[in-house]
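Novice: My questions will all concern the structure given below.
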Amino acid sequence: YSTPALNDKLFLHFKGFDRIQNLEAYTGLKSLFLEGNGLEEIEGLEACTELRCLFVQQNLITAIPPAPGLPTSLSTLNISNNAIGTLAHLAALPDLQTLQASHCKLKDLDGIRELASCKALSCVDLQQNKIDGDPEEMLALFKAMPALSVLYLQGNPIVATVRQYRKRMISEIPSLTYLDDRPVFHLERVCAEAWAAGGLEGEKEARKKFKEEEEAKERRNLEFLANLREDGRAKREAVAL
């Protein structure tokens with residue numbers, strides 16, 4: 001729209017911009033696409049108080065600005081493929097649900113510690129960084145995120161230091177439904193939690209029990225269908241008489 005305030009989306013990706021400016025009149029923006037430019041800072045968004053989605057991946061950004069640098073209305077933030085070394089100041093975004101920060105310069109747990117303060121955060125992409133540190137501390141950090149359901153962590157050195165990484169992550173984070181390259185299905189969760197409680201034998205027993213329950217469920221379904229068929233046959237025979 002020619003009237004700036006009427007635009008709820010603005011596509012400014014791959015334009016060669018080196019800074020964010022002149023957005024004061026775009027007060028109705030909900031989504032802003034700025035990927036693939038030469039931005040060094042996230043700035044100039046003070047007037048975009050309704051902004052929900054910000055895409056600034058593939059730039060030259062080195063840090064997340066302190067409040068009020070980012071609109072507190074943000075629910076989705078993509079800062080992937082930048083030179084960002086810490087995720088500080090994200091706690092100032094109470095509605096943040098999705099964070100994409102892959103292929104950045106994150107090196108340790110201190111750089112991602114503030115994620116634990118983002119209580120609404122449900123989807124986190126941190127893959128292909130250089131994150132390393134104490135694996136137990138990492139588990140505690142993600143476990144402290146009550147809404148976390150999707151986590152991409154592959155490609156970080158710390159992953160290799162966690163014994164039975166996938167089982168540990170699934171058993172420690174009850175809300176997790178997707179980890180790295182695939183979903184967390186019900187059977188995998190049941191087995192992971194049994195493994196955490198009783199080791200390999202516990203996992204085997206849980207898998208056996210799950211299989212038996214599924215077979216019993218299938219038998220009940222077949223019996224139900226057979227009974228329906230018999231009832232239908234009896235009714236037809238009664239009508240014929």
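In the structure tokens, chains take the letters A, B, ... in the order shown, each chain's residues start at 1, and ligands count up from 1 in the order shown.
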Mind checking which residues fall within 8 Å of range 195-205 of chain A, counting only C-alpha atoms, ignoring those fewer than 2 positions away in the same chain, and posting them as a VMD selection string?
Specialist: chain A and resid 167 to 168 171 191 to 193 207 to 209
Novice: Name the residues of range 26-223 of chain A that fall into strand (DSSP E or B) according to DSSP on the backbone, using the chain letters and numbers of this document, as a PyMOL selection string.
Specialist: chain A and resi 31-33+53-55+76-78+98-100+108+123-125+132+150-152+178-179+182-183
Novice: What is the distance between CA of Glu136 in chain A and CA of Ile64 in chain A, in Å to one decimal?
Specialist: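 According to the coordinates, CA of Glu136 in chain A and CA of Ile64 in chain A are separated by 26.6 Å.
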Novice: Quick one: residues within 7 Å of Asp108 in chain A, only C-alpha atoms counted, chain neighbours fewer than 4 positions away excluded, as a PyMOL selection string?
Specialist: chain A and resi 131-133
Novice: Give me a file of those residues, with N, CA and C atoms, as a PDB file, in the first residue's frame.
Specialist:
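Output file out.pdb follows:
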```pdb
ATOM      1  N   ILE A 131      28.768 -24.549  20.112  1.00  0.00           N
ATOM      2  CA  ILE A 131      28.421 -24.618  21.527  1.00  0.00           C
ATOM      3  C   ILE A 131      29.066 -25.832  22.200  1.00  0.00           C
ATOM      4  N   ASP A 132      29.766 -25.572  23.295  1.00  0.00           N
ATOM      5  CA  ASP A 132      30.414 -26.633  24.066  1.00  0.00           C
ATOM      6  C   ASP A 132      30.267 -26.308  25.548  1.00  0.00           C
ATOM      7  N   GLY A 133      30.526 -27.295  26.392  1.00  0.00           N
ATOM      8  CA  GLY A 133      30.416 -27.054  27.823  1.00  0.00           C
ATOM      9  C   GLY A 133      29.985 -28.301  28.560  1.00  0.00           C
TER      10      GLY A 133
END
```
Novice: My list of candidates is A:Arg189, A:Arg233, A:Lys105, A:Arg19. Which is closest to Glu40 in chain A when distances are computed with only C-alpha atoms?
Specialist: A:Arg19
Novice: Can you list, as a PyMOL selection string, every protein, DNA or RNA residue that comes within 7 Å of Leu106 in chain A when you count only C-alpha atoms, leaving out same-chain residues fewer than 4 positions away?
Specialist: chain A and resi 84-86+111+129-131
Novice: Only all heavy atoms, please: the residues just picked out, written as a short mmCIF file (atom, residue, chain, number, x, y, z; two decimals), in the first residue's frame.
Specialist:
```cif
data_model
loop_
_atom_site.label_atom_id
_atom_site.label_comp_id
_atom_site.auth_asym_id
_atom_site.auth_seq_id
_atom_site.Cartn_x
_atom_site.Cartn_y
_atom_site.Cartn_z
N ILE A 84 26.65 -13.44 15.51
CA ILE A 84 26.18 -13.26 16.88
C ILE A 84 26.83 -14.29 17.81
O ILE A 84 26.79 -15.49 17.54
CB ILE A 84 24.65 -13.37 16.94
CG1 ILE A 84 24.03 -12.20 16.17
CG2 ILE A 84 24.13 -13.41 18.37
CD1 ILE A 84 22.53 -12.28 16.01
N GLY A 85 27.42 -13.82 18.92
CA GLY A 85 28.12 -14.70 19.84
C GLY A 85 27.38 -14.97 21.13
O GLY A 85 27.80 -15.80 21.93
N THR A 86 26.28 -14.26 21.37
CA THR A 86 25.50 -14.46 22.58
C THR A 86 24.04 -14.10 22.32
O THR A 86 23.75 -13.24 21.49
CB THR A 86 26.03 -13.61 23.75
OG1 THR A 86 25.18 -13.79 24.89
CG2 THR A 86 26.08 -12.15 23.38
N GLY A 111 26.51 -18.21 26.40
CA GLY A 111 25.95 -17.48 25.28
C GLY A 111 24.48 -17.77 25.02
O GLY A 111 23.81 -17.01 24.33
N ASN A 129 26.40 -24.46 15.33
CA ASN A 129 27.19 -23.45 16.02
C ASN A 129 28.43 -24.15 16.59
O ASN A 129 28.79 -25.24 16.15
CB ASN A 129 26.36 -22.78 17.12
CG ASN A 129 25.47 -21.66 16.57
OD1 ASN A 129 25.93 -20.57 16.27
ND2 ASN A 129 24.18 -21.95 16.45
N LYS A 130 29.08 -23.55 17.57
CA LYS A 130 30.25 -24.16 18.22
C LYS A 130 30.02 -24.33 19.71
O LYS A 130 30.97 -24.30 20.50
CB LYS A 130 31.48 -23.26 17.98
CG LYS A 130 31.82 -23.02 16.51
CD LYS A 130 32.22 -24.30 15.80
CE LYS A 130 32.60 -24.01 14.34
NZ LYS A 130 32.92 -25.27 13.60
N ILE A 131 28.77 -24.55 20.11
CA ILE A 131 28.42 -24.62 21.53
C ILE A 131 29.07 -25.83 22.20
O ILE A 131 28.92 -26.96 21.74
CB ILE A 131 26.90 -24.67 21.70
CG1 ILE A 131 26.25 -23.42 21.07
CG2 ILE A 131 26.52 -24.76 23.18
CD1 ILE A 131 24.74 -23.48 21.01
#
```
